[in-house]
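Novice: Below is protein-v3.txt; it holds compact mmCIF, C-alpha atoms and all ligand atoms.
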# COMPACT_ATOMS: atom_id res chain seq x y z
CA MET M 1 141.45 113.53 128.79
CA GLU M 2 143.52 110.31 128.61
CA ALA M 3 141.88 107.21 127.09
CA GLU M 4 142.14 105.29 130.41
CA LYS M 5 140.16 108.03 132.15
CA ILE M 6 137.53 108.11 129.41
CA ALA M 7 136.93 104.32 129.31
CA PRO M 8 134.91 104.11 132.58
CA LEU M 9 132.77 107.02 131.45
CA MET M 10 131.74 105.04 128.38
CA CYS M 11 130.17 102.01 130.10
CA PRO M 12 129.34 102.55 133.76
CA GLY M 13 129.09 106.30 133.25
CA ILE M 14 126.60 106.36 130.39
CA ALA M 15 124.72 103.31 131.77
CA GLY M 16 124.41 105.00 135.17
CA TYR M 17 123.16 108.19 133.57
CA ALA M 18 120.58 106.28 131.48
CA ALA M 19 119.43 104.33 134.56
CA PHE M 20 119.05 107.59 136.48
CA LYS M 21 116.91 109.06 133.69
CA LEU M 22 114.67 105.98 133.73
CA THR M 23 113.90 106.55 137.41
CA GLY M 24 112.32 109.92 136.62
CA ALA M 25 113.80 111.25 139.90
CA ARG M 26 113.57 115.01 140.37
CA LYS M 27 114.87 117.62 142.78
CA GLY M 28 113.91 116.74 146.36
CA ASP M 29 113.14 113.08 145.55
CA ARG M 30 114.68 110.16 147.44
CA LEU M 31 116.55 107.69 145.28
CA GLY M 32 117.76 104.27 146.46
CA LEU M 33 120.79 102.51 144.99
CA TYR M 34 121.19 98.80 145.68
CA GLY M 35 124.87 97.91 145.17
CA PHE M 36 127.65 100.47 144.96
CA GLY M 37 129.91 99.58 142.05
CA PRO M 38 131.22 101.94 139.36
CA THR M 39 127.80 102.44 137.74
CA ALA M 40 126.16 103.40 141.03
CA TYR M 41 128.99 105.85 141.73
CA PHE M 42 128.09 107.83 138.60
CA VAL M 43 124.38 107.72 139.45
CA LEU M 44 125.16 109.16 142.89
CA LYS M 45 127.12 112.02 141.38
CA VAL M 46 124.50 112.84 138.75
CA ALA M 47 121.65 112.58 141.29
CA GLN M 48 123.42 114.92 143.71
CA SER M 49 123.89 117.47 140.95
CA LYS M 50 120.11 117.40 140.38
CA GLY M 51 119.23 117.86 144.06
CA VAL M 52 118.11 114.25 144.56
CA GLU M 53 118.82 112.58 147.94
CA VAL M 54 120.59 109.24 147.62
CA TYR M 55 120.21 106.19 149.89
CA VAL M 56 122.67 103.34 149.27
CA SER M 57 122.34 99.71 150.29
CA THR M 58 125.41 97.56 149.79
CA ARG M 59 126.91 94.63 151.69
CA SER M 60 130.60 95.45 151.99
CA GLU M 61 131.98 97.86 154.58
CA ARG M 62 134.20 99.25 151.87
CA GLY M 63 131.15 100.02 149.68
CA ILE M 64 129.31 101.60 152.60
CA ARG M 65 132.29 103.80 153.45
CA ALA M 66 132.72 104.82 149.81
CA ALA M 67 129.03 105.75 149.44
CA ARG M 68 129.14 107.87 152.61
CA ALA M 69 132.36 109.55 151.52
CA GLU M 70 130.76 110.44 148.19
CA GLY M 71 127.84 112.11 149.95
CA ALA M 72 125.06 109.51 150.19
CA ARG M 73 122.40 110.66 152.66
CA TRP M 74 122.34 107.12 154.13
CA ALA M 75 124.49 104.04 153.41
CA ALA M 76 124.29 100.61 155.04
CA ASN M 77 123.20 97.08 154.22
CA ALA M 78 119.41 97.27 153.99
CA ALA M 79 119.18 93.54 154.63
CA LYS M 80 120.50 94.22 158.15
CA GLU M 81 119.56 97.82 158.85
CA GLU M 82 116.23 99.39 157.95
CA MET M 83 116.32 102.36 155.60
CA PRO M 84 115.17 105.52 157.38
CA CYS M 85 112.44 106.34 154.86
CA ARG M 86 110.51 105.18 151.84
CA LEU M 87 111.93 106.03 148.42
CA ASP M 88 110.50 107.71 145.33
CA ALA M 89 112.64 105.61 143.02
CA ALA M 90 115.43 103.06 143.16
CA ILE M 91 117.96 101.29 140.94
CA LEU M 92 118.97 97.69 141.56
CA PHE M 93 122.48 96.82 140.34
CA PRO M 94 123.31 93.26 141.52
CA PRO M 95 122.03 90.46 139.27
CA ALA M 96 120.16 89.09 142.28
CA GLY M 97 116.44 88.52 141.61
CA ASN M 98 115.78 87.91 145.31
CA LEU M 99 116.47 91.61 145.97
CA VAL M 100 113.67 92.83 143.71
CA GLU M 101 110.75 92.36 146.12
CA PRO M 102 112.53 93.94 149.12
CA ALA M 103 113.51 96.88 146.89
CA LEU M 104 109.90 97.28 145.70
CA SER M 105 108.65 97.15 149.28
CA GLN M 106 110.83 100.16 150.14
CA LEU M 107 109.22 102.29 147.41
CA GLU M 108 106.38 104.73 147.85
CA ARG M 109 103.33 103.84 145.76
CA GLY M 110 103.81 105.55 142.40
CA GLY M 111 107.55 104.88 142.63
CA THR M 112 109.76 103.30 139.98
CA LEU M 113 112.30 100.51 140.33
CA VAL M 114 114.92 100.30 137.58
CA LEU M 115 116.66 96.96 137.12
CA ALA M 116 120.16 97.57 135.75
CA PRO M 117 121.62 94.05 135.34
CA VAL M 118 121.93 92.46 131.92
CA SER M 119 120.94 89.12 133.46
CA ALA M 120 119.57 88.10 136.85
CA SER M 121 118.62 85.14 138.99
CA PRO M 122 114.87 84.34 139.13
CA ILE M 123 112.57 87.08 140.35
CA VAL M 124 109.65 86.06 142.55
CA ILE M 125 107.16 88.61 143.83
CA GLY M 126 105.19 86.88 146.54
CA ASN M 127 103.03 89.71 147.81
CA TYR M 128 101.56 91.53 144.82
CA SER M 129 99.23 93.84 146.78
CA GLU M 130 101.77 95.01 149.35
CA ASN M 131 104.96 95.15 147.33
CA LEU M 132 104.18 95.59 143.61
CA TRP M 133 100.76 97.20 143.21
CA GLY M 134 101.15 100.87 142.30
CA ARG M 135 104.85 100.65 141.47
CA ASP M 136 106.57 100.51 138.07
CA ILE M 137 109.45 98.27 137.09
CA LYS M 138 111.72 99.26 134.20
CA THR M 139 114.87 97.60 132.86
CA LEU M 140 118.00 99.31 131.61
CA TYR M 141 118.20 98.04 128.06
CA ASN M 142 119.43 100.40 125.38
CA LEU M 143 121.99 103.15 125.77
CA ASN M 144 121.68 105.71 123.01
CA ARG M 145 123.72 108.52 121.51
CA ALA M 146 121.65 111.20 123.24
CA ASP M 147 122.40 109.66 126.67
CA ALA M 148 126.10 109.64 125.81
CA GLN M 149 126.05 113.25 124.62
CA GLU M 150 124.18 114.50 127.70
CA PHE M 151 126.38 112.53 130.08
CA VAL M 152 129.64 113.75 128.53
CA GLU M 153 128.41 117.34 128.91
CA LEU M 154 127.60 116.65 132.57
CA VAL M 155 131.07 115.18 133.11
CA ASP M 156 132.56 118.48 131.98
CA GLU M 157 130.10 120.58 133.95
CA LEU M 158 130.57 118.60 137.18
CA ASP M 159 134.26 117.90 136.57
CA LEU M 160 133.47 114.25 137.27
CA GLY M 161 136.66 112.41 137.99
CA VAL M 162 136.99 108.69 138.47
CA GLY M 163 139.81 106.57 139.87
CA THR M 164 141.20 103.95 137.49
CA SER M 165 143.63 101.09 138.11
CA VAL M 166 145.32 100.57 134.75
CA PHE M 167 146.63 97.14 133.70
CA ARG M 168 148.59 95.91 130.69
CA PHE M 169 146.82 93.38 128.46
CA ALA M 170 149.17 90.67 129.78
CA GLU M 171 147.82 91.38 133.29
CA LEU M 172 144.19 90.80 132.30
CA GLN M 173 143.79 87.62 134.39
CA ASP M 174 145.23 89.29 137.51
CA ALA M 175 142.98 92.31 137.00
CA LEU M 176 139.86 90.13 136.73
CA ILE M 177 140.75 88.27 139.92
CA LEU M 178 141.33 91.53 141.81
CA ALA M 179 138.01 92.91 140.51
CA LYS M 180 136.16 89.73 141.47
CA HIS M 181 137.44 90.01 145.04
CA GLY M 182 136.80 93.75 145.25
CA GLU M 183 140.52 94.37 145.65
CA LEU M 184 141.20 96.91 142.91
CA GLU M 185 142.97 99.93 144.37
CA GLN M 186 140.70 102.27 142.42
CA SER M 187 136.99 101.96 141.71
CA ASN M 188 137.50 101.10 138.02
CA GLY M 189 139.89 98.67 136.32
CA VAL M 190 141.01 99.52 132.79
CA ILE M 191 142.94 97.17 130.50
CA LYS M 192 145.27 99.07 128.20
CA VAL M 193 145.30 97.07 124.97
CA ALA M 194 147.53 99.48 123.03
CA ASP M 195 149.01 102.93 123.37
CA ALA M 196 147.07 105.71 121.67
CA LEU M 197 148.51 106.73 118.31
N1 LIG T 201 122.13 97.41 130.94
C1 LIG T 201 123.31 97.95 130.66
O1 LIG T 201 123.56 98.46 129.58
C2 LIG T 201 124.37 97.93 131.72
C3 LIG T 201 125.56 98.63 131.56
C4 LIG T 201 126.48 98.64 132.62
C5 LIG T 201 126.22 97.92 133.78
N2 LIG T 201 125.07 97.22 133.87
C6 LIG T 201 124.76 96.43 135.06
O2 LIG T 201 124.87 97.25 136.20
C7 LIG T 201 125.27 96.44 137.29
C8 LIG T 201 126.38 97.11 138.06
O3 LIG T 201 127.57 97.01 137.37
P1 LIG T 201 128.90 97.63 137.98
O4 LIG T 201 130.01 97.08 137.17
O5 LIG T 201 128.77 99.08 138.14
O6 LIG T 201 128.91 97.10 139.42
P2 LIG T 201 129.51 95.78 140.09
O7 LIG T 201 130.97 95.95 140.19
O8 LIG T 201 128.95 94.58 139.38
O9 LIG T 201 128.90 95.97 141.50
C9 LIG T 201 127.63 95.54 141.86
C10 LIG T 201 127.39 95.93 143.31
O10 LIG T 201 126.34 95.11 143.79
C11 LIG T 201 126.67 94.63 145.09
N3 LIG T 201 126.17 93.25 145.17
C12 LIG T 201 126.56 92.20 144.43
N4 LIG T 201 125.83 91.10 144.74
C13 LIG T 201 124.95 91.49 145.70
C14 LIG T 201 123.92 90.84 146.41
N5 LIG T 201 123.63 89.54 146.21
N6 LIG T 201 123.22 91.56 147.30
C15 LIG T 201 123.48 92.87 147.51
N7 LIG T 201 124.43 93.54 146.87
C16 LIG T 201 125.17 92.86 145.98
C17 LIG T 201 128.17 94.70 145.20
O11 LIG T 201 128.59 95.24 146.41
P3 LIG T 201 128.60 94.54 147.82
O12 LIG T 201 129.37 93.29 147.66
O13 LIG T 201 129.19 95.56 148.72
O14 LIG T 201 127.15 94.32 148.13
C18 LIG T 201 128.58 95.77 144.19
O15 LIG T 201 128.74 97.03 144.82
C19 LIG T 201 125.61 95.06 136.77
O16 LIG T 201 124.53 94.19 137.08
C20 LIG T 201 125.71 95.28 135.26
O17 LIG T 201 125.26 94.14 134.55
C21 LIG T 201 124.14 97.22 132.88
Would you mind writing the structure in this file as structure tokens?
Ligand SMILES: NC(=O)c1ccc[n+]([C@@H]2O[C@H](COP(=O)([O-])OP(=O)(O)OC[C@H]3O[C@@H](n4cnc5c(N)ncnc54)[C@H](OP(=O)(O)O)[C@@H]3O)[C@@H](O)[C@H]2O)c1

Specialist:
Amino acid sequence: MEAEKIAPLMCPGIAGYAAFKLTGARKGDRLGLYGFGPTAYFVLKVAQSKGVEVYVSTRSERGIRAARAEGARWAANAAKEEMPCRLDAAILFPPAGNLVEPALSQLERGGTLVLAPVSASPIVIGNYSENLWGRDIKTLYNLNRADAQEFVELVDELDLGVGTSVFRFAELQDALILAKHGELEQSNGVIKVADAL
């Protein structure tokens, strides 16, 4: 596989796989994904391969369309449209602390919420009894070699492809601006620093 195809597997891919494992979701479970960037895409694919139903909440129409096209059972903006059911587990991707309590409130008791961001705005849980009691919160912290090994094997097994927009190093600024505005043609942007030897 070319280096530019492998690069997205190494960060969003392995991170998504590790986040999925933290949820403990099993066949027949309902898994919520808040945000639908590259990491969530890989979670969706892995979850589907394990027989887990996926419910996606994201704001942009483009994200909603992409999640539906990839096979999400339900995709909409949960801030505007109620999810059709409670979830067994969920992963929150945006670094938005204000989304934590609504995400917890959508979980069944006994459910797990995984927080994926490396930083986040302040998290306030106002209603402990209704929204937190009986649920677990975990954070995605360390990615290890075993996660990488297992994920790479899954990539082969599922023939997991991913679209990449490739930029030269000199185009880095333009690529960042496109990514910030959600205007990359493909779901992942890769900066090619040098040609492989
Ligand atoms: N811990 C680790 O090792 C690790 C590794 C990789 C990634 N991560 C984390 O995983 C997260 C996802 O990264 P990514 O690069 O795959 O995705 P991303 O491109 O950052 O996308 C995040 C998604 O969240 C949605 N979003 C953003 N702000 C929102 C808000 N205020 N409310 C609702 N939705 C919002 C965006 O879509 P809409 O605009 O459509 O809502 C987008 O689909 C990041 O927080 C990153 O830090 C962690």

Novice: So that I can check the surroundings of segment 125-131 of chain M, please list as a list in words every protein, DNA and RNA residue that reaches within 12 Å of it, counting only C-alpha atoms and ignoring chain neighbours fewer than 3 positions away.

Specialist: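 Non-adjacent residues within range: Gly97, Asn98, Leu99, Val100, Glu101, Pro102, Ala103, Leu104, Ser105, Gln106, Leu107, Glu108, Arg109, Gly110, Gly111, Thr112, Leu113, Pro122, Gly134, Arg135, Asp136 and Ile137 of chain M.
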
Novice: Find the spatial neighbours of Gly161 of chain M, counting all atoms listed in the file, within a cut-off of 10 Å - ignore same-chain residues fewer than 5 positions away - and output them as a list in words.

Specialist: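 Here the answer would be Lys5, Ile6, Leu9, Phe42, Val155 and Asp156 of chain M.
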
Novice: Could you list, as an MDAnalysis selection string, all residues that come within 8 Å of ligand LIG 201 (chain T)? Count only C-alpha atoms and all ligand atoms.

Specialist: chainID M and resid 11:12 14:16 34:41 57:64 77 92:96 99 116:120 139:143 179 182

Novice: Please produce a file of those selected residues containing C-alpha atoms, as an mmCIF file, in the coordinates of the input.

Specialist:
data_model
loop_
_atom_site.group_PDB
_atom_site.id
_atom_site.type_symbol
_atom_site.label_atom_id
_atom_site.label_comp_id
_atom_site.auth_asym_id
_atom_site.auth_seq_id
_atom_site.Cartn_x
_atom_site.Cartn_y
_atom_site.Cartn_z
ATOM 1 C CA CYS M 11 130.170 102.010 130.100
ATOM 2 C CA PRO M 12 129.340 102.550 133.760
ATOM 3 C CA ILE M 14 126.600 106.360 130.390
ATOM 4 C CA ALA M 15 124.720 103.310 131.770
ATOM 5 C CA GLY M 16 124.410 105.000 135.170
ATOM 6 C CA TYR M 34 121.190 98.800 145.680
ATOM 7 C CA GLY M 35 124.870 97.910 145.170
ATOM 8 C CA PHE M 36 127.650 100.470 144.960
ATOM 9 C CA GLY M 37 129.910 99.580 142.050
ATOM 10 C CA PRO M 38 131.220 101.940 139.360
ATOM 11 C CA THR M 39 127.800 102.440 137.740
ATOM 12 C CA ALA M 40 126.160 103.400 141.030
ATOM 13 C CA TYR M 41 128.990 105.850 141.730
ATOM 14 C CA SER M 57 122.340 99.710 150.290
ATOM 15 C CA THR M 58 125.410 97.560 149.790
ATOM 16 C CA ARG M 59 126.910 94.630 151.690
ATOM 17 C CA SER M 60 130.600 95.450 151.990
ATOM 18 C CA GLU M 61 131.980 97.860 154.580
ATOM 19 C CA ARG M 62 134.200 99.250 151.870
ATOM 20 C CA GLY M 63 131.150 100.020 149.680
ATOM 21 C CA ILE M 64 129.310 101.600 152.600
ATOM 22 C CA ASN M 77 123.200 97.080 154.220
ATOM 23 C CA LEU M 92 118.970 97.690 141.560
ATOM 24 C CA PHE M 93 122.480 96.820 140.340
ATOM 25 C CA PRO M 94 123.310 93.260 141.520
ATOM 26 C CA PRO M 95 122.030 90.460 139.270
ATOM 27 C CA ALA M 96 120.160 89.090 142.280
ATOM 28 C CA LEU M 99 116.470 91.610 145.970
ATOM 29 C CA ALA M 116 120.160 97.570 135.750
ATOM 30 C CA PRO M 117 121.620 94.050 135.340
ATOM 31 C CA VAL M 118 121.930 92.460 131.920
ATOM 32 C CA SER M 119 120.940 89.120 133.460
ATOM 33 C CA ALA M 120 119.570 88.100 136.850
ATOM 34 C CA THR M 139 114.870 97.600 132.860
ATOM 35 C CA LEU M 140 118.000 99.310 131.610
ATOM 36 C CA TYR M 141 118.200 98.040 128.060
ATOM 37 C CA ASN M 142 119.430 100.400 125.380
ATOM 38 C CA LEU M 143 121.990 103.150 125.770
ATOM 39 C CA ALA M 179 138.010 92.910 140.510
ATOM 40 C CA GLY M 182 136.800 93.750 145.250
#

Novice: At what distance in Å, to one decimal, does atom CA of Gly51 of chain M lie from atom CA of Leu158 of chain M?

Specialist: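 Those two atoms sit 13.3 Å apart.
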
Novice: Work out how far apart atom CA of Leu154 of chain M and atom CA of Glu53 of chain M are and give it in Å to one decimal.

Specialist: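 If I compute the distance from atom CA of Leu154 of chain M to atom CA of Glu53 of chain M, I get 18.2 Å.
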
Novice: What's the separation between atom CA of Ile177 of chain M and atom CA of Val162 of chain M, in Å to one decimal place?

Specialist: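 We find that atom CA of Ile177 of chain M and atom CA of Val162 of chain M lie 20.8 Å from each other.
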
Novice: Taking 3 positions as the minimum chain separation for residues in the same chain, which residues sit within 9 Å of Ala175 of chain M when counting all atoms listed in the file? Answer as a PDB file with C-alpha atoms, keeping the file's coordinate frame.

Specialist:
ATOM      1  CA  SER M 165     143.630 101.090 138.110  1.00  0.00           C
ATOM      2  CA  VAL M 166     145.320 100.570 134.750  1.00  0.00           C
ATOM      3  CA  PHE M 167     146.630  97.140 133.700  1.00  0.00           C
ATOM      4  CA  GLU M 171     147.820  91.380 133.290  1.00  0.00           C
ATOM      5  CA  LEU M 172     144.190  90.800 132.300  1.00  0.00           C
ATOM      6  CA  LEU M 178     141.330  91.530 141.810  1.00  0.00           C
ATOM      7  CA  ALA M 179     138.010  92.910 140.510  1.00  0.00           C
ATOM      8  CA  LYS M 180     136.160  89.730 141.470  1.00  0.00           C
ATOM      9  CA  LEU M 184     141.200  96.910 142.910  1.00  0.00           C
ATOM     10  CA  GLY M 189     139.890  98.670 136.320  1.00  0.00           C
ATOM     11  CA  VAL M 190     141.010  99.520 132.790  1.00  0.00           C
ATOM     12  CA  ILE M 191     142.940  97.170 130.500  1.00  0.00           C
TER      13      ILE M 191
END

Novice: Select, from M:Leu44, M:Ala72, M:Ala78, M:Leu22, the residue with the minimum atom-to-atom distance to Leu160 of chain M, counting only C-alpha atoms.

Specialist: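 Using only C-alpha atoms, Leu160 of chain M sits closest to M:Leu44.
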
Novice: Dump as a list of chain:residue names all residues having an atom at most 7 Å from (124.4, 109.6, 135.8), computed in the file's coordinates with all atoms listed in the file.

Specialist: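 Applying the cut-off with all atoms listed in the file, one gets M:Gly13, M:Ile14, M:Gly16, M:Tyr17, M:Ala18, M:Phe20, M:Phe42, M:Val43, M:Lys45, M:Val46, M:Ala47, M:Phe151.
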
Novice: Residues near Trp74 of chain M, anyone? I mean within 10 Å using all atoms listed in the file, not counting same-chain ones fewer than 5 positions away, as a list in words.

Specialist: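 Everything that qualifies: Gly32, Glu53, Val54, Tyr55, Val56, Ser57, Ile64, Ala67, Arg68, Met83, Pro84 and Cys85 of chain M.
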
Novice: Show me, as a PDB file with C-alpha atoms, in the frame of the given file, the residues that have an atom within 12 Å of Ala194 of chain M when counting only C-alpha atoms, minus same-chain residues fewer than 5 positions from it.

Specialist:
ATOM      1  CA  ALA M   3     141.880 107.210 127.090  1.00  0.00           C
ATOM      2  CA  GLU M   4     142.140 105.290 130.410  1.00  0.00           C
ATOM      3  CA  VAL M 166     145.320 100.570 134.750  1.00  0.00           C
ATOM      4  CA  PHE M 167     146.630  97.140 133.700  1.00  0.00           C
ATOM      5  CA  ARG M 168     148.590  95.910 130.690  1.00  0.00           C
ATOM      6  CA  PHE M 169     146.820  93.380 128.460  1.00  0.00           C
ATOM      7  CA  ALA M 170     149.170  90.670 129.780  1.00  0.00           C
TER       8      ALA M 170
END

Novice: Writing N, CA, C and O atoms and nothing else, produce segment 164-177 of chain M as a tab-separated table (two decimals), in the first residue's frame.

Specialist:
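Result file follows (out.tsv):
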chain	number	residue	atom	x	y	z
M	164	THR	N	-7.94	9.92	0.32
M	164	THR	CA	-6.96	10.89	0.80
M	164	THR	C	-6.74	11.98	-0.24
M	164	THR	O	-6.57	11.70	-1.42
M	165	SER	N	-6.76	13.23	0.20
M	165	SER	CA	-6.32	14.35	-0.65
M	165	SER	C	-4.86	14.58	-0.31
M	165	SER	O	-4.53	14.86	0.85
M	166	VAL	N	-3.99	14.43	-1.30
M	166	VAL	CA	-2.55	14.52	-1.03
M	166	VAL	C	-2.03	15.90	-1.44
M	166	VAL	O	-2.35	16.40	-2.53
M	167	PHE	N	-1.25	16.51	-0.55
M	167	PHE	CA	-0.69	17.85	-0.80
M	167	PHE	C	0.83	17.78	-0.70
M	167	PHE	O	1.38	16.99	0.06
M	168	ARG	N	1.50	18.69	-1.46
M	168	ARG	CA	2.95	18.83	-1.29
M	168	ARG	C	3.20	19.63	-0.01
M	168	ARG	O	2.32	20.37	0.44
M	169	PHE	N	4.42	19.53	0.53
M	169	PHE	CA	4.73	20.23	1.77
M	169	PHE	C	4.51	21.74	1.59
M	169	PHE	O	4.03	22.42	2.50
M	170	ALA	N	4.81	22.25	0.39
M	170	ALA	CA	4.67	23.69	0.14
M	170	ALA	C	3.19	24.12	0.19
M	170	ALA	O	2.88	25.30	0.33
M	171	GLU	N	2.29	23.16	0.09
M	171	GLU	CA	0.85	23.47	0.11
M	171	GLU	C	0.23	23.29	1.49
M	171	GLU	O	-1.00	23.31	1.63
M	172	LEU	N	1.07	23.11	2.50
M	172	LEU	CA	0.59	22.83	3.85
M	172	LEU	C	-0.46	23.84	4.34
M	172	LEU	O	-1.53	23.47	4.84
M	173	GLN	N	-0.15	25.14	4.15
M	173	GLN	CA	-1.09	26.18	4.63
M	173	GLN	C	-2.46	26.03	3.96
M	173	GLN	O	-3.50	26.11	4.61
M	174	ASP	N	-2.43	25.84	2.63
M	174	ASP	CA	-3.70	25.70	1.89
M	174	ASP	C	-4.48	24.48	2.39
M	174	ASP	O	-5.70	24.52	2.55
M	175	ALA	N	-3.73	23.40	2.65
M	175	ALA	CA	-4.39	22.16	3.09
M	175	ALA	C	-5.06	22.38	4.45
M	175	ALA	O	-6.20	21.94	4.67
M	176	LEU	N	-4.37	23.09	5.35
M	176	LEU	CA	-4.94	23.33	6.69
M	176	LEU	C	-6.21	24.18	6.59
M	176	LEU	O	-7.19	23.94	7.30
M	177	ILE	N	-6.18	25.17	5.71
M	177	ILE	CA	-7.37	26.03	5.56
M	177	ILE	C	-8.54	25.22	5.00
M	177	ILE	O	-9.67	25.31	5.50
